[in-house]
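Data file: start27.csv. Format and content: CSV, C-alpha atoms and all ligand atoms.
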chain,number,residue,atom,x,y,z
A,434,MET,CA,-27.6,-15.9,9.1
A,435,SER,CA,-27.6,-13.2,11.8
A,436,THR,CA,-28.7,-9.6,11.3
A,437,PRO,CA,-27.8,-6.4,13.3
A,438,ASP,CA,-30.0,-5.0,16.0
A,439,SER,CA,-31.2,-1.7,14.4
A,440,THR,CA,-32.7,-0.4,17.7
A,441,GLN,CA,-29.3,0.2,19.2
A,442,PRO,CA,-27.0,3.0,18.1
A,443,ARG,CA,-24.0,1.5,16.3
A,444,LYS,CA,-20.6,1.3,18.1
A,445,ALA,CA,-17.5,2.0,16.1
A,446,LEU,CA,-16.5,-1.0,14.0
A,447,ASN,CA,-13.2,-2.6,14.7
A,448,LEU,CA,-11.4,-5.7,13.5
A,449,HIS,CA,-12.6,-7.7,16.5
A,450,ARG,CA,-16.2,-6.9,15.7
A,451,LEU,CA,-15.7,-7.5,12.0
A,452,ARG,CA,-14.3,-11.0,12.8
A,453,GLU,CA,-17.2,-11.7,15.1
A,454,MET,CA,-19.7,-10.7,12.4
A,455,GLN,CA,-17.9,-13.0,9.9
A,456,SER,CA,-17.8,-15.9,12.3
A,457,GLN,CA,-21.5,-15.5,13.1
A,458,GLY,CA,-22.5,-15.4,9.5
A,459,GLU,CA,-23.5,-11.7,9.4
A,460,LYS,CA,-22.7,-10.4,5.9
A,461,ILE,CA,-20.3,-7.4,5.9
A,462,THR,CA,-21.1,-4.4,3.8
A,463,MET,CA,-18.5,-2.2,2.2
A,464,LEU,CA,-19.0,0.8,-0.2
A,465,THR,CA,-16.4,3.1,-1.8
A,466,SER,CA,-16.3,6.6,-0.4
A,467,TYR,CA,-14.2,9.6,-1.5
A,468,ASP,CA,-15.5,12.6,0.5
A,469,ALA,CA,-16.9,13.6,3.9
A,470,THR,CA,-20.6,14.1,2.8
A,471,PHE,CA,-21.0,10.6,1.3
A,472,ALA,CA,-18.9,9.1,4.1
A,473,ARG,CA,-21.4,10.5,6.6
A,474,LEU,CA,-24.4,9.3,4.6
A,475,ALA,CA,-23.0,5.8,4.1
A,476,ASP,CA,-22.0,5.5,7.8
A,477,GLU,CA,-25.5,6.7,8.9
A,478,ALA,CA,-27.1,4.3,6.5
A,479,GLY,CA,-25.3,1.4,8.3
A,480,VAL,CA,-22.4,0.6,5.9
A,481,ASP,CA,-19.9,-1.4,7.9
A,482,CYS,CA,-16.7,-0.5,5.9
A,483,LEU,CA,-15.8,2.5,3.8
A,484,LEU,CA,-13.2,1.9,1.1
A,485,VAL,CA,-11.3,5.0,0.0
A,486,GLY,CA,-10.7,3.3,-3.3
A,487,ASP,CA,-8.3,4.4,-6.0
A,488,SER,CA,-11.4,4.0,-8.2
A,489,LEU,CA,-11.6,7.7,-7.4
A,490,GLY,CA,-9.3,8.1,-10.4
A,491,MET,CA,-12.1,7.1,-12.6
A,492,VAL,CA,-15.3,8.2,-10.8
A,493,VAL,CA,-13.9,11.5,-9.3
A,494,GLN,CA,-11.0,12.5,-11.6
A,495,GLY,CA,-12.4,11.2,-14.9
A,496,GLU,CA,-9.3,9.1,-15.7
A,497,SER,CA,-9.6,5.9,-17.8
A,498,SER,CA,-8.0,3.7,-15.1
A,499,THR,CA,-6.7,3.8,-11.5
A,500,VAL,CA,-3.1,3.9,-12.7
A,501,PRO,CA,-2.6,7.7,-12.5
A,502,VAL,CA,-3.8,8.1,-8.9
A,503,THR,CA,-1.1,9.3,-6.5
A,504,MET,CA,-0.3,8.9,-2.8
A,505,GLU,CA,-1.0,12.6,-2.2
A,506,GLN,CA,-4.5,12.2,-3.7
A,507,MET,CA,-5.2,9.1,-1.6
A,508,VAL,CA,-4.1,10.8,1.6
A,509,TYR,CA,-6.3,13.8,0.7
A,510,HIS,CA,-9.4,11.7,0.1
A,511,THR,CA,-8.8,9.5,3.1
A,512,ARG,CA,-8.7,12.6,5.3
A,513,CYS,CA,-12.0,13.8,3.8
A,514,VAL,CA,-13.7,10.5,4.4
A,515,VAL,CA,-12.4,10.2,7.9
A,516,LYS,CA,-13.9,13.6,8.7
A,517,GLY,CA,-17.4,12.6,7.7
A,518,ASN,CA,-17.3,9.1,9.1
A,519,ARG,CA,-18.2,8.2,12.7
A,520,THR,CA,-18.4,4.5,13.1
A,521,ALA,CA,-17.5,2.6,9.9
A,522,TRP,CA,-14.2,0.8,9.4
A,523,VAL,CA,-12.1,2.8,6.9
A,524,VAL,CA,-9.9,1.0,4.4
A,525,GLY,CA,-7.4,3.2,2.4
A,526,ASP,CA,-6.2,2.0,-0.9
A,527,LEU,CA,-2.4,2.1,-1.6
A,528,PRO,CA,-2.2,3.5,-5.2
A,529,PHE,CA,-0.2,2.1,-8.1
A,530,GLY,CA,3.5,2.6,-7.6
A,531,SER,CA,3.3,3.3,-3.8
A,532,TYR,CA,4.2,-0.2,-2.6
A,533,GLN,CA,5.8,-2.2,-5.4
A,534,GLU,CA,9.3,-0.8,-5.0
A,535,SER,CA,10.2,-2.2,-1.6
A,536,ARG,CA,8.7,-3.3,1.8
A,537,GLU,CA,10.0,0.0,3.2
A,538,GLN,CA,8.2,2.0,0.5
A,539,ALA,CA,5.0,0.1,1.3
A,540,LEU,CA,5.5,0.9,5.0
A,541,ARG,CA,6.0,4.6,4.3
A,542,SER,CA,2.9,4.8,2.1
A,543,SER,CA,0.8,2.8,4.6
A,544,VAL,CA,1.9,5.1,7.5
A,545,ALA,CA,0.8,8.1,5.5
A,546,LEU,CA,-2.7,6.5,5.0
A,547,MET,CA,-3.0,5.5,8.6
A,548,GLN,CA,-1.9,8.9,9.8
A,549,ALA,CA,-4.6,10.4,7.5
A,550,GLY,CA,-7.1,8.3,9.5
A,551,ALA,CA,-7.4,4.9,7.7
A,552,HIS,CA,-7.9,1.9,9.9
A,553,MET,CA,-6.4,-0.5,7.3
A,554,VAL,CA,-4.6,-0.4,4.0
A,555,LYS,CA,-5.4,-2.3,0.9
A,556,LEU,CA,-2.9,-3.5,-1.7
A,557,GLU,CA,-3.4,-5.5,-4.9
A,558,GLY,CA,-2.0,-8.7,-6.1
A,559,GLY,CA,-0.6,-12.0,-4.9
A,560,GLY,CA,2.8,-13.8,-4.9
A,561,TRP,CA,5.4,-11.2,-4.1
A,562,THR,CA,2.9,-9.2,-2.0
A,563,ALA,CA,2.8,-11.8,0.8
A,564,GLU,CA,6.2,-10.7,2.0
A,565,THR,CA,5.0,-7.0,2.1
A,566,VAL,CA,1.8,-8.0,3.9
A,567,HIS,CA,3.9,-9.8,6.5
A,568,PHE,CA,6.2,-6.8,6.9
A,569,LEU,CA,3.2,-4.4,7.4
A,570,THR,CA,1.1,-6.5,9.7
A,571,GLU,CA,4.2,-7.3,11.9
A,572,ARG,CA,4.4,-3.5,12.3
A,573,GLY,CA,0.8,-3.0,13.4
A,574,ILE,CA,-0.8,-2.1,10.1
A,575,PRO,CA,-3.9,-4.1,9.3
A,576,VAL,CA,-3.9,-5.2,5.7
A,577,CYS,CA,-6.7,-6.0,3.2
A,578,ALA,CA,-5.4,-7.9,0.2
A,579,HIS,CA,-7.0,-7.8,-3.3
A,580,LEU,CA,-7.1,-10.7,-5.7
A,581,GLY,CA,-8.8,-11.6,-9.0
A,582,LEU,CA,-9.2,-8.6,-11.3
A,583,THR,CA,-6.7,-6.1,-9.9
A,584,PRO,CA,-7.4,-2.9,-11.7
A,585,GLN,CA,-3.9,-1.4,-11.2
A,586,SER,CA,-2.7,-4.2,-13.5
A,587,VAL,CA,-5.4,-3.7,-16.1
A,588,HIS,CA,-2.8,-3.2,-18.9
A,589,ALA,CA,-1.0,-6.4,-18.0
A,590,LEU,CA,-4.3,-8.3,-17.7
A,591,GLY,CA,-5.5,-7.2,-21.1
A,592,GLY,CA,-8.6,-5.4,-19.9
A,593,TYR,CA,-11.3,-5.8,-17.2
A,594,ARG,CA,-11.8,-9.5,-17.5
A,595,ILE,CA,-13.0,-12.2,-15.2
A,596,GLN,CA,-10.0,-14.0,-13.6
A,597,GLY,CA,-9.4,-17.6,-12.4
A,598,ARG,CA,-11.6,-19.1,-15.1
A,599,ASP,CA,-9.4,-22.1,-15.9
A,600,GLN,CA,-8.1,-24.6,-13.5
A,601,ALA,CA,-4.5,-23.2,-13.4
A,602,GLY,CA,-5.8,-19.7,-12.8
A,603,ALA,CA,-8.1,-20.8,-10.1
A,604,GLU,CA,-5.3,-22.8,-8.4
A,605,THR,CA,-2.9,-19.9,-8.5
A,606,MET,CA,-5.6,-17.6,-7.0
A,607,ARG,CA,-6.2,-20.1,-4.1
A,608,ARG,CA,-2.5,-20.4,-3.5
A,609,HIS,CA,-2.0,-16.6,-3.4
A,610,ALA,CA,-5.0,-16.2,-1.1
A,611,HIS,CA,-3.6,-18.7,1.3
A,612,GLU,CA,-0.2,-17.2,1.3
A,613,LEU,CA,-1.6,-13.7,1.9
A,614,ALA,CA,-3.8,-15.0,4.8
A,615,GLN,CA,-0.8,-16.8,6.3
A,616,ALA,CA,1.2,-13.6,5.9
A,617,GLY,CA,-1.4,-11.7,8.1
A,618,ALA,CA,-4.0,-10.2,5.7
A,619,THR,CA,-7.2,-10.2,7.7
A,620,MET,CA,-9.4,-9.0,4.9
A,621,MET,CA,-9.4,-9.7,1.2
A,622,VAL,CA,-11.3,-8.2,-1.7
A,623,LEU,CA,-12.1,-10.9,-4.3
A,624,GLU,CA,-12.9,-9.1,-7.6
A,625,LEU,CA,-14.5,-10.6,-10.7
A,626,MET,CA,-13.9,-14.3,-10.5
A,627,PRO,CA,-16.2,-17.4,-10.7
A,628,SER,CA,-18.2,-17.7,-7.5
A,629,ALA,CA,-16.9,-21.3,-7.1
A,630,VAL,CA,-13.3,-19.9,-6.9
A,631,ALA,CA,-14.3,-17.2,-4.3
A,632,ALA,CA,-16.1,-19.9,-2.3
A,633,GLN,CA,-13.0,-22.1,-2.3
A,634,VAL,CA,-10.8,-19.2,-1.1
A,635,GLN,CA,-13.3,-18.6,1.7
A,636,SER,CA,-13.4,-22.3,2.7
A,637,ASP,CA,-9.5,-22.6,2.4
A,638,ASN,CA,-9.2,-19.7,4.9
A,639,PRO,CA,-12.2,-19.8,7.2
A,640,GLY,CA,-11.0,-16.9,9.4
A,641,LEU,CA,-10.3,-14.6,6.5
A,642,ILE,CA,-12.9,-11.8,5.9
A,643,THR,CA,-13.5,-12.0,2.1
A,644,ILE,CA,-15.3,-9.1,0.4
A,645,GLY,CA,-16.6,-9.9,-3.0
A,646,ILE,CA,-17.3,-7.8,-6.1
A,647,GLY,CA,-18.5,-9.7,-9.0
A,648,ALA,CA,-17.5,-12.9,-7.2
A,649,GLY,CA,-20.8,-14.4,-6.2
A,650,ALA,CA,-22.5,-14.7,-2.8
A,651,SER,CA,-20.3,-16.9,-0.7
A,652,THR,CA,-17.9,-14.3,0.5
A,653,SER,CA,-18.1,-12.8,4.0
A,654,GLY,CA,-19.3,-9.5,2.6
A,655,GLN,CA,-19.7,-7.4,-0.5
A,656,VAL,CA,-18.3,-4.1,-1.9
A,657,LEU,CA,-19.6,-1.9,-4.7
A,658,VAL,CA,-18.4,1.4,-6.2
A,659,LEU,CA,-20.8,4.0,-4.8
A,660,HIS,CA,-21.3,5.8,-8.1
A,661,ASP,CA,-22.1,2.4,-9.8
A,662,MET,CA,-24.8,1.3,-7.4
A,663,LEU,CA,-26.4,4.8,-7.6
A,664,HIS,CA,-26.2,4.4,-11.4
A,665,VAL,CA,-24.6,7.8,-11.9
A,666,THR,CA,-21.6,6.3,-13.6
A,667,ARG,CA,-21.8,7.0,-17.3
A,668,GLY,CA,-20.9,4.2,-19.8
A,669,LYS,CA,-21.2,0.5,-19.5
A,670,LEU,CA,-21.6,-0.8,-16.0
A,671,PRO,CA,-20.5,-4.3,-14.9
A,672,ARG,CA,-23.4,-6.8,-15.1
A,673,PHE,CA,-23.3,-7.7,-11.4
A,674,VAL,CA,-24.0,-4.1,-10.3
A,675,ARG,CA,-27.6,-3.5,-9.2
A,676,ASN,CA,-29.3,-0.1,-9.5
A,677,PHE,CA,-30.2,0.6,-5.9
A,678,MET,CA,-31.1,4.2,-6.7
A,679,MET,CA,-34.0,3.1,-8.9
A,680,GLU,CA,-35.3,1.1,-6.0
A,681,GLY,CA,-34.8,3.9,-3.4
A,682,GLY,CA,-36.3,7.4,-3.3
A,683,SER,CA,-33.1,9.1,-2.2
A,684,ILE,CA,-29.4,8.4,-2.0
A,685,GLU,CA,-29.6,7.5,1.6
A,686,ASP,CA,-32.5,5.1,1.0
A,687,ALA,CA,-30.5,3.5,-1.9
A,688,ILE,CA,-27.6,2.9,0.4
A,689,ARG,CA,-29.9,1.5,3.1
A,690,ARG,CA,-31.4,-0.9,0.5
A,691,TYR,CA,-27.9,-2.0,-0.5
A,692,VAL,CA,-27.0,-2.7,3.2
A,693,ALA,CA,-30.3,-4.6,3.7
A,694,ALA,CA,-29.8,-6.6,0.5
A,695,VAL,CA,-26.3,-7.7,1.4
A,696,LYS,CA,-27.3,-8.5,4.9
A,697,ASP,CA,-30.3,-10.6,3.9
A,698,GLY,CA,-28.4,-12.3,1.1
A,699,SER,CA,-30.6,-11.0,-1.8
A,700,PHE,CA,-27.6,-9.2,-3.3
A,701,PRO,CA,-25.6,-10.3,-5.2
A,702,ASP,CA,-27.4,-12.5,-7.6
A,703,GLU,CA,-25.3,-15.6,-7.5
A,704,THR,CA,-25.7,-16.2,-11.2
A,705,ILE,CA,-24.4,-12.9,-12.4
A,706,HIS,CA,-20.7,-12.1,-12.6
A,707,GLY,CA,-18.5,-10.7,-15.3
A,708,TYR,CA,-18.7,-7.5,-17.3
B,1,LIG,O1,-10.7,1.1,-5.8
B,1,LIG,C1,-11.8,0.5,-5.6
B,1,LIG,O2,-12.8,1.1,-5.6
B,1,LIG,C2,-11.7,-0.9,-5.4
B,1,LIG,C3,-13.0,-1.7,-5.4
B,1,LIG,C4,-13.4,-1.9,-6.8
B,1,LIG,C5,-12.9,-3.0,-4.7
B,1,LIG,O3,-10.6,-1.5,-5.3
Would you encode the structure as structure tokens?
Ligand code: KIV
Amino acid sequence: MSTPDSTQPRKALNLHRLREMQSQGEKITMLTSYDATFARLADEAGVDCLLVGDSLGMVVQGESSTVPVTMEQMVYHTRCVVKGNRTAWVVGDLPFGSYQESREQALRSSVALMQAGAHMVKLEGGGWTAETVHFLTERGIPVCAHLGLTPQSVHALGGYRIQGRDQAGAETMRRHAHELAQAGATMMVLELMPSAVAAQVQSDNPGLITIGIGAGASTSGQVLVLHDMLHVTRGKLPRFVRNFMMEGGSIEDAIRRYVAAVKDGSFPDETIHGY
């Protein structure tokens, strides 16, 4: 495992550098970010990728799911994050209803996020999305796919449950991941699935940058919702979330500890996934 040289000021992250990190076995860190202040803090603490996640519907707006989040809101928060950020790679989430209608609708929505300053867009689901991913990547838009628990489909999935547990589910996940990678997705969030399934997705697609959340330790990197790892989220937290705030004396220290723990492989605990 390789680690970054902390004596050198960090250059802006780009896809080439992220691919290099992945191929050299350096774990990639991602954290959600919704505003300029926390974006600045996370960037300065060494987080590689900031995800302007539609989880902002829950943690910022107090909604019970990500479903009500709109394009206008995602553009607004992306702009805020981009203003605070200096060097991290910024991924903008396409919200529910902004890419399902047609490839053209997905392109319009992606253009809006890229013009707000995102470096890459993220969309949820497999199967039909491969065609959309191909359409976007052919037009110069880097895409992060998202498989496993896809929160925008929470009502269809019957709740926030671990995905790909049985053989058929795991095989479908592997097939979807391969199709998405072939379609041009360079990054993929793997959320809430057995670590063995995430490991298979990674080994099926060696060049794909996989970012896990509740999916074990074998992915190329990890993501957490900022408010969860700071333990300011009220209510029940997923079991895989670690309280970095308790370990650190300040928010910045907590984020630095998260970065260090992902980089040295001590987070996540391989044995914990599920809610
Ligand atoms: O919106 C979000 O924060 C996400 C992460 C949970 C991966 O999609």
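Note that CA of Arg541 in chain A and CA of Val524 in chain A are 16.3 Å apart.
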Counting only C-alpha atoms and all ligand atoms, which residues in chain A sit no more than 6 Å from ligand LIG 1 (chain B)? For each one, give the nearest pair of atoms and the distance in Å, sorted by chain then residue number, as a Markdown table.
| residue | atom | partner | partner_atom | distance |
| --- | --- | --- | --- | --- |
| A:Thr465 | CA | B:LIG1 | O2 | 5.6 |
| A:Gly486 | CA | B:LIG1 | O1 | 3.3 |
| A:Asp487 | CA | B:LIG1 | O1 | 4.1 |
| A:Ser488 | CA | B:LIG1 | O1 | 3.8 |
| A:Val658 | CA | B:LIG1 | O2 | 5.6 |
Output C-alpha atoms of each residue in that selection to a file, as a short mmCIF file (atom, residue, chain, number, x, y, z; two decimals), in the coordinates of the input.
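Output saved as selection.cif:
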data_model
loop_
_atom_site.label_atom_id
_atom_site.label_comp_id
_atom_site.auth_asym_id
_atom_site.auth_seq_id
_atom_site.Cartn_x
_atom_site.Cartn_y
_atom_site.Cartn_z
CA THR A 465 -16.40 3.10 -1.80
CA GLY A 486 -10.70 3.30 -3.30
CA ASP A 487 -8.30 4.40 -6.00
CA SER A 488 -11.40 4.00 -8.20
CA VAL A 658 -18.40 1.40 -6.20
#
Top pick for closest residue to Ala445 in chain A, considering A:Pro639, A:Gly645, A:Pro528, A:Gly479 and counting all atoms listed in the file: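 Residue with the minimum atom-to-atom distance to Ala445 in chain A: A:Gly479.
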Distance in Å - CA of Glu612 in chain A versus CA of Val566 in chain A: 9.8 Å
Pick from A:Tyr691, A:Phe700, A:Tyr467, A:Tyr532, whichever lies nearest to Gly490 in chain A using only C-alpha atoms: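 Once distances to Gly490 in chain A are computed over only C-alpha atoms, the minimum belongs to A:Tyr467.
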Point (-5.0, 6.9, -10.3) neighbourhood (9 Å, only C-alpha atoms) written as a ChimeraX atom specification: /A:487-491,494,496-503,506-507,528-529,585
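Using only C-alpha atoms, the smallest distance between any of A:Gln441, A:Ser466, A:Asn447, A:Gln533 and Leu659 in chain A comes from A:Ser466.
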Separation of CA of Leu464 in chain A from CA of Val508 in chain A in Å: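 One can read the CA of Val508 in chain A to CA of Leu464 in chain A distance as 18.0 Å.
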Closest of A:Leu663, A:Met504, A:Ala650, A:Val493 to Pro627 in chain A - atom-to-atom distances counting only C-alpha atoms: A:Ala650
Best match for closeness to Thr666 in chain A among A:Met678, A:Met621, A:Leu527, A:Val492, counting all atoms listed in the file: A:Val492
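Each of A:Ile688, A:Ile642, A:Met606, A:Val622 was checked against Ala472 in chain A using only C-alpha atoms; the smallest atom-to-atom distance is that of A:Ile688.
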Residues within 12 Å of Leu483 in chain A, all atoms listed in the file, excluding chain neighbours under 6 positions, as a PyMOL selection string: chain A and resi 446+461-469+471-477+510-511+513-515+517-526+550-555+655-659
Selection: 8 Å around Gly681 in chain A, all atoms listed in the file, excl. self and same-chain fewer than 5 positions, as a list in words: Asp686, Ala687 and Arg690 of chain A
Leu613 in chain A surroundings by all atoms listed in the file, 12 Å radius, close-in-sequence under 5 positions cut, as a PyMOL selection string: chain A and resi 556-570+576-580+606-608+618-622+634+637-638+641
6 Å contact set for Ser653 in chain A, only C-alpha atoms, chain neighbours under 5 positions out, as a list in words: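 Once the adjacent positions are removed, what remains is Gln455, Lys460, Ile642, Thr643 and Ile644 of chain A.
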Selection: 12 Å around Arg572 in chain A, all atoms listed in the file, excl. self and same-chain fewer than 6 positions, as an MDAnalysis selection string: chainID A and resid 536:537 539:541 543:544 565:566 617
